[in-house]
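Notes to accompany the following structure.
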Protein chains: 4
Amino acid sequence: MSSTLIVLNLKTYLEGTGEGAVKVAQACKEVADDSGIEIGVAPQFCDIYRVASQVDLPVYSQSLDPVGAGSFTGHAFVQSIKDAGAVGTLINHSECRLTLANIDASITTAKNAALKTIVCTNNVATSAAAAALGPDYVAVEPPELIGSGIPVSKADPGVVTGSVDAVKRINPAVQVLCGAGISKGEDLAAALELGSVGVLLASGIVKAANPKAALEDLVSKV
Amino acid sequence: MSSTLIVLNLKTYLEGTGEGAVKVAQACKEVADDSGIEIGVAPQFCDIYRVASQVDLPVYSQSLDPVGAGSFTGHAFVQSIKDAGAVGTLINHSECRLTLANIDASITTAKNAALKTIVCTNNVATSAAAAALGPDYVAVEPPELIGSGIPVSKADPGVVTGSVDAVKRINPAVQVLCGAGISKGEDLAAALELGSVGVLLASGIVKAANPKAALEDLVSKV
Amino acid sequence: MSSTLIVLNLKTYLEGTGEGAVKVAQACKEVADDSGIEIGVAPQFCDIYRVASQVDLPVYSQSLDPVGAGSFTGHAFVQSIKDAGAVGTLINHSECRLTLANIDASITTAKNAALKTIVCTNNVATSAAAAALGPDYVAVEPPELIGSGIPVSKADPGVVTGSVDAVKRINPAVQVLCGAGISKGEDLAAALELGSVGVLLASGIVKAANPKAALEDLVSKV
Amino acid sequence: MSSTLIVLNLKTYLEGTGEGAVKVAQACKEVADDSGIEIGVAPQFCDIYRVASQVDLPVYSQSLDPVGAGSFTGHAFVQSIKDAGAVGTLINHSECRLTLANIDASITTAKNAALKTIVCTNNVATSAAAAALGPDYVAVEPPELIGSGIPVSKADPGVVTGSVDAVKRINPAVQVLCGAGISKGEDLAAALELGSVGVLLASGIVKAANPKAALEDLVSKV
């Protein structure tokens, strides 16, 4: 395994829901095995268990609420995420923003349960701020490019290099991913070139006519 | 089966998380079979699939987000809830409040997927308002009594009878549950006496030393 | 004065901020005096005091938080709204949605302070629900038409008549306003024709080249 | 004037609402003039204009929403805050938390309007994160001590010194305030001793039998 990381967010795409989530995860697993590149998936809460129990690859939660055991309804409690088989979690995705205090509490909660943490940010300043909280990864994604098909590595390379520089200055132990508009091999190659260690992506693969072929293209330039 | 309904909300109690959720659901199933009274459980999102695939009883989601298929992260999408095996959902629990527009949209979304809907409310006025939206059930629970051990049927019977009257006046097809502080057979009997068709409850059973015995007591007076 | 009511929401338009709010309110006052039709304005929180202390017309708050006196920061407390000179408040505008429990609590809080209440809704079902809470007015505004320039009275007359019917059935004491895309005299006339008692509007007047002339046109068909 | 800063948050205390806000601000002004120490007040949105137009002292908003001019209802728009006479704003108070992206956007929005920015945080990690966003001040306040009467400087001096160290390491241009439980001269003296440049406080002064005397005691040890 290289140290490159690809995380595929299944969002609420029909193609990545229920049995679909298992199929996409299976494609990820095959491409990861063939390429030696680590690929994880982030299915919906309801799908974590069946993906994790049927496919041997790293499963991430799409979010985590920093609540403990107790009187909380409709929350994503760390223990249920962990018991379902997740090894990590996204935190503060642009479609699921948290307060600063809750991002911090979510990181602490996840770490105490030995879950990997990927905090999503929207620009260089918030990447720097997130790094100060000490997650495993900061994933910078300009919201206006998410789902656009225009890769951040082309449209705004400065947000990636700026985030890498800021994160390293504040906490060198934190690694940087980038996302938004990523779908092709050249996008991943460019992302690594810019100093990130991998990508967070979604529709470009999940909604591809052939997700496995799309994944094969994605890892082809590394 | 009588028309009485008991729904057990597992919240984020450790005793009702992961394998624990399956065990509590199994106890509910046994007591439902023995008593002929319908008992459902509302586990956490991550636990819906494993409960529904291992125990043959009605499983409810703790909440539902009125989002469609698409770019939504960390949301409770109706199709994933349905695919995981749920037959219904709580909406607007006091620990997971929604806007009025989203309660309405959640009911519509759930109905389109043939999921039963239980809208939680906090007083007579909001019970009446919820009835106007046409869910299957309105579950009135004064927030200050939730988890108190003091049954709503004793502490505030007027909120139950008032909700029953208001709901019937606005939409006679909607049935009323009540909750907060319910744990014993006399509480359920009193709830039915007041005109509700059942109860929504949580800690009194989930955190009991012996949940099955607690459930047996709960149904003993009906 | 007829029983017709026009409420002009100044939102955060620059033309309706600070001294601009006072000027728009002055235009409203003049047209109200000339036409005998009641016109109110809803300026931003920061502008309530200076509008209310300089112009003699009904001033509404854009929202109200159902908090009491105490440890609340950044909230719209009823007493500060009242002391600033407001006579009423919008509640649950589509750009400032509240939970059902908070809509109910906001109505109660406002009534206790003798403030008029206008609860905004998005369709017939939520209009019916809001009526059950007993505000002075329900203002139905399909969100997709807000700011569109296409009047609700033309694009979706059924949402107005449906809301009027549903509200009257549930609580005949509640009156109905409609909004979204309203700017001309024919729009107001159509709104009254459909059974509403007035309109809630914003950009069509505030951003008009000549707000006073636009208001004169608005009331010209009544 | 020394470089010490005291900011008094009037919250929604009745004693600090409407005419009360003006009176408390007047007391602050007198003590500031007598002592040479800068004292600002943060009244409710509705009270900014009348405080700023009647009392010559720095007025802060309690919060700011990072929205522009346009279709936003019930929001705290920077231009209305500025036009009302504020010179700065609190951001992310523990009673008014924002997402990380919105804290960043609020700082940028306020700076573009030449408003001072005070970002509230709850621990050392979030103080460090906030410093990375470049506000004028970070005000660290452990939520559990707010309103407790137990000064942070005694109960948890490490959160102050830790925040000062972390903030200085990340952005030496950012200054640190501390708050929670502060009311007496010895509390302010201890706060300065720990490396902060001042305090954010509320009930200890606003709800004192004699706010002016309480303020005089507050500044007596500097």
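Ordering of the structure tokens sets the chain letters (A, B, ...); residue numbers start at 1 within each chain; ligands are numbered from 1 in the order shown.
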
Next item on the list: List the neighbours of segment 61-75 of chain D out to 7 Å using only C-alpha atoms; skip same-chain residues closer than 4 positions along the sequence, and give me the result as a PyMOL selection string.
Entry: (chain C and resi 11-14+44+62-63+73-74+93+95-96) or (chain D and resi 42-45+81+86+88-91+102+105-106+109)

Next item on the list: From a DSSP pass on the backbone, collect the residues of segment 13-195 of chain A flagged as strand (DSSP E) and hand them back as a ChimeraX atom specification.
Entry: /A:38-42,60-61,88-91,116-121,137-140,175-179

Expected file: the selected residues, N, CA, C and O atoms, as a short mmCIF file (atom, residue, chain, number, x, y, z; two decimals), in the first residue's frame:
```
data_model
loop_
_atom_site.label_atom_id
_atom_site.label_comp_id
_atom_site.auth_asym_id
_atom_site.auth_seq_id
_atom_site.Cartn_x
_atom_site.Cartn_y
_atom_site.Cartn_z
N GLU A 38 -4.98 2.69 -1.31
CA GLU A 38 -6.06 2.55 -0.33
C GLU A 38 -7.31 3.31 -0.78
O GLU A 38 -7.24 4.50 -1.09
N ILE A 39 -8.42 2.60 -0.82
CA ILE A 39 -9.69 3.23 -1.17
C ILE A 39 -10.71 2.92 -0.07
O ILE A 39 -10.89 1.76 0.30
N GLY A 40 -11.33 3.97 0.45
CA GLY A 40 -12.39 3.79 1.44
C GLY A 40 -13.70 4.29 0.89
O GLY A 40 -13.72 5.05 -0.08
N VAL A 41 -14.80 3.85 1.50
CA VAL A 41 -16.11 4.37 1.09
C VAL A 41 -16.83 4.96 2.30
O VAL A 41 -16.65 4.50 3.43
N ALA A 42 -17.65 5.97 2.04
CA ALA A 42 -18.47 6.57 3.09
C ALA A 42 -19.94 6.42 2.70
O ALA A 42 -20.51 7.30 2.05
N TYR A 60 -16.10 4.48 6.12
CA TYR A 60 -16.18 5.72 6.88
C TYR A 60 -17.65 6.11 7.06
O TYR A 60 -18.46 5.89 6.16
N SER A 61 -17.96 6.71 8.18
CA SER A 61 -19.27 7.31 8.35
C SER A 61 -19.27 8.66 7.62
O SER A 61 -18.22 9.26 7.42
N GLY A 88 -13.57 4.94 10.41
CA GLY A 88 -13.32 6.38 10.44
C GLY A 88 -14.58 7.14 10.10
O GLY A 88 -15.64 6.54 9.88
N THR A 89 -14.45 8.46 10.06
CA THR A 89 -15.63 9.28 9.77
C THR A 89 -15.24 10.59 9.10
O THR A 89 -14.18 11.16 9.41
N LEU A 90 -16.08 11.03 8.18
CA LEU A 90 -16.02 12.41 7.71
C LEU A 90 -16.59 13.28 8.82
O LEU A 90 -17.47 12.84 9.57
N ILE A 91 -16.12 14.50 8.90
CA ILE A 91 -16.64 15.46 9.88
C ILE A 91 -16.75 16.80 9.17
O ILE A 91 -15.81 17.23 8.50
N LYS A 116 -10.62 6.97 12.53
CA LYS A 116 -9.88 7.99 11.77
C LYS A 116 -10.79 9.19 11.53
O LYS A 116 -12.00 9.03 11.32
N THR A 117 -10.21 10.37 11.47
CA THR A 117 -11.01 11.58 11.29
C THR A 117 -10.58 12.37 10.06
O THR A 117 -9.39 12.65 9.88
N ILE A 118 -11.56 12.70 9.23
CA ILE A 118 -11.34 13.52 8.03
C ILE A 118 -12.24 14.74 8.16
O ILE A 118 -13.46 14.63 8.04
N VAL A 119 -11.65 15.90 8.43
CA VAL A 119 -12.45 17.12 8.59
C VAL A 119 -12.48 17.88 7.27
O VAL A 119 -11.43 18.24 6.73
N CYS A 120 -13.66 18.13 6.77
CA CYS A 120 -13.81 18.85 5.51
C CYS A 120 -13.81 20.36 5.75
O CYS A 120 -14.37 20.84 6.74
N THR A 121 -13.19 21.09 4.83
CA THR A 121 -13.07 22.54 4.94
C THR A 121 -13.34 23.16 3.58
O THR A 121 -13.39 22.45 2.57
N TYR A 137 -6.87 13.85 8.98
CA TYR A 137 -6.86 14.48 7.66
C TYR A 137 -7.72 15.73 7.65
O TYR A 137 -8.75 15.79 8.33
N VAL A 138 -7.29 16.70 6.86
CA VAL A 138 -8.14 17.83 6.47
C VAL A 138 -8.42 17.63 4.99
O VAL A 138 -7.49 17.40 4.21
N ALA A 139 -9.69 17.69 4.60
CA ALA A 139 -10.06 17.54 3.19
C ALA A 139 -10.64 18.85 2.69
O ALA A 139 -11.77 19.20 3.04
N VAL A 140 -9.89 19.59 1.90
CA VAL A 140 -10.36 20.90 1.46
C VAL A 140 -11.16 20.75 0.15
O VAL A 140 -10.70 20.11 -0.79
N GLN A 175 -2.58 15.32 7.65
CA GLN A 175 -2.41 15.21 6.20
C GLN A 175 -3.58 15.87 5.48
O GLN A 175 -4.66 16.01 6.02
N VAL A 176 -3.32 16.23 4.21
CA VAL A 176 -4.32 16.98 3.45
C VAL A 176 -4.85 16.14 2.29
O VAL A 176 -4.07 15.55 1.53
N LEU A 177 -6.17 16.09 2.20
CA LEU A 177 -6.84 15.55 1.01
C LEU A 177 -7.46 16.75 0.30
O LEU A 177 -7.61 17.82 0.88
N CYS A 178 -7.82 16.55 -0.98
CA CYS A 178 -8.59 17.60 -1.61
C CYS A 178 -9.77 16.97 -2.35
O CYS A 178 -9.78 15.76 -2.61
N GLY A 179 -10.74 17.77 -2.66
CA GLY A 179 -11.92 17.24 -3.33
C GLY A 179 -12.66 18.32 -4.07
O GLY A 179 -12.26 19.49 -4.04
#
```

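Among the candidates B:Val197, B:Val59, B:Val222, B:Ile205, the one nearest to Ala27 of chain B when counting only C-alpha atoms is B:Ile205.
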
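Close contacts of Ser80 of chain C, defined as residues with an atom at most 8 Å away when counting only C-alpha atoms, with chain neighbours fewer than 3 positions off set aside, comprise Ala76, Phe77, Asp83 and Ala84 of chain C; Thr17, Gly18, Gln44, Cys46 and Asp47 of chain D.
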
Next item on the list: Based on DSSP run over this structure's backbone, return all residues of chain A in helix (DSSP H, G or I), as number ranges by chain.
Entry: A: 14-16, 19-35, 45-54, 78-83, 100-112, 124-131, 143-145, 152-155, 157-170, 185-193, 203-206, 211-218

List every residue of chain C that has an atom at most 6 Å from any atom of chain B, giving for each one its closest atom pair and the distance in Å to one decimal, counting only C-alpha atoms, sorted by chain and then by ascending residue number, as JSON lines.
```
{"residue": "C:Leu98", "atom": "CA", "partner": "B:Thr99", "partner_atom": "CA", "distance": 5.2}
{"residue": "C:Thr99", "atom": "CA", "partner": "B:Thr99", "partner_atom": "CA", "distance": 3.8}
{"residue": "C:Leu100", "atom": "CA", "partner": "B:Leu100", "partner_atom": "CA", "distance": 5.0}
{"residue": "C:Ala125", "atom": "CA", "partner": "B:Leu133", "partner_atom": "CA", "distance": 5.5}
{"residue": "C:Ala128", "atom": "CA", "partner": "B:Ala132", "partner_atom": "CA", "distance": 5.8}
{"residue": "C:Ala129", "atom": "CA", "partner": "B:Ala129", "partner_atom": "CA", "distance": 3.9}
{"residue": "C:Ala132", "atom": "CA", "partner": "B:Ala129", "partner_atom": "CA", "distance": 5.1}
{"residue": "C:Leu133", "atom": "CA", "partner": "B:Ala125", "partner_atom": "CA", "distance": 5.5}
```

I need the residues from that last selection saved to file as a PDB file, in the first residue's frame (with all heavy atoms), if you can.
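The resulting part.pdb:
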```
ATOM      1  N   LEU C  98     -38.402  28.053  11.652  1.00  0.00           N
ATOM      2  CA  LEU C  98     -38.322  27.601  13.040  1.00  0.00           C
ATOM      3  C   LEU C  98     -38.877  26.189  13.148  1.00  0.00           C
ATOM      4  O   LEU C  98     -39.626  25.730  12.289  1.00  0.00           O
ATOM      5  CB  LEU C  98     -39.172  28.517  13.928  1.00  0.00           C
ATOM      6  CG  LEU C  98     -38.840  30.008  13.948  1.00  0.00           C
ATOM      7  CD1 LEU C  98     -39.737  30.717  14.962  1.00  0.00           C
ATOM      8  CD2 LEU C  98     -37.380  30.245  14.310  1.00  0.00           C
ATOM      9  N   THR C  99     -38.540  25.520  14.240  1.00  0.00           N
ATOM     10  CA  THR C  99     -39.168  24.229  14.505  1.00  0.00           C
ATOM     11  C   THR C  99     -40.640  24.471  14.867  1.00  0.00           C
ATOM     12  O   THR C  99     -41.026  25.576  15.277  1.00  0.00           O
ATOM     13  CB  THR C  99     -38.504  23.515  15.694  1.00  0.00           C
ATOM     14  OG1 THR C  99     -38.734  24.282  16.875  1.00  0.00           O
ATOM     15  CG2 THR C  99     -37.011  23.340  15.476  1.00  0.00           C
ATOM     16  N   LEU C 100     -41.433  23.432  14.744  1.00  0.00           N
ATOM     17  CA  LEU C 100     -42.851  23.544  15.102  1.00  0.00           C
ATOM     18  C   LEU C 100     -43.010  24.004  16.551  1.00  0.00           C
ATOM     19  O   LEU C 100     -43.812  24.902  16.855  1.00  0.00           O
ATOM     20  CB  LEU C 100     -43.529  22.176  14.900  1.00  0.00           C
ATOM     21  CG  LEU C 100     -44.973  22.050  15.365  1.00  0.00           C
ATOM     22  CD1 LEU C 100     -45.879  23.039  14.639  1.00  0.00           C
ATOM     23  CD2 LEU C 100     -45.472  20.624  15.150  1.00  0.00           C
ATOM     24  N   ALA C 125     -50.975  22.461   3.485  1.00  0.00           N
ATOM     25  CA  ALA C 125     -50.858  21.635   4.698  1.00  0.00           C
ATOM     26  C   ALA C 125     -50.221  22.412   5.847  1.00  0.00           C
ATOM     27  O   ALA C 125     -50.703  22.370   6.988  1.00  0.00           O
ATOM     28  CB  ALA C 125     -50.043  20.367   4.404  1.00  0.00           C
ATOM     29  N   ALA C 128     -52.605  25.021   7.233  1.00  0.00           N
ATOM     30  CA  ALA C 128     -53.571  24.412   8.152  1.00  0.00           C
ATOM     31  C   ALA C 128     -52.918  24.180   9.510  1.00  0.00           C
ATOM     32  O   ALA C 128     -53.506  24.477  10.561  1.00  0.00           O
ATOM     33  CB  ALA C 128     -54.074  23.092   7.566  1.00  0.00           C
ATOM     34  N   ALA C 129     -51.709  23.653   9.495  1.00  0.00           N
ATOM     35  CA  ALA C 129     -50.991  23.390  10.750  1.00  0.00           C
ATOM     36  C   ALA C 129     -50.768  24.680  11.525  1.00  0.00           C
ATOM     37  O   ALA C 129     -50.985  24.742  12.744  1.00  0.00           O
ATOM     38  CB  ALA C 129     -49.654  22.699  10.454  1.00  0.00           C
ATOM     39  N   ALA C 132     -53.765  25.992  13.369  1.00  0.00           N
ATOM     40  CA  ALA C 132     -54.060  25.287  14.618  1.00  0.00           C
ATOM     41  C   ALA C 132     -53.339  25.898  15.814  1.00  0.00           C
ATOM     42  O   ALA C 132     -53.684  25.645  16.966  1.00  0.00           O
ATOM     43  CB  ALA C 132     -53.706  23.807  14.476  1.00  0.00           C
ATOM     44  N   LEU C 133     -52.305  26.688  15.536  1.00  0.00           N
ATOM     45  CA  LEU C 133     -51.542  27.322  16.615  1.00  0.00           C
ATOM     46  C   LEU C 133     -52.120  28.681  17.006  1.00  0.00           C
ATOM     47  O   LEU C 133     -51.657  29.306  17.967  1.00  0.00           O
ATOM     48  CB  LEU C 133     -50.077  27.473  16.193  1.00  0.00           C
ATOM     49  CG  LEU C 133     -49.372  26.167  15.794  1.00  0.00           C
ATOM     50  CD1 LEU C 133     -47.986  26.476  15.221  1.00  0.00           C
ATOM     51  CD2 LEU C 133     -49.262  25.220  16.979  1.00  0.00           C
TER      52      LEU C 133
END
```
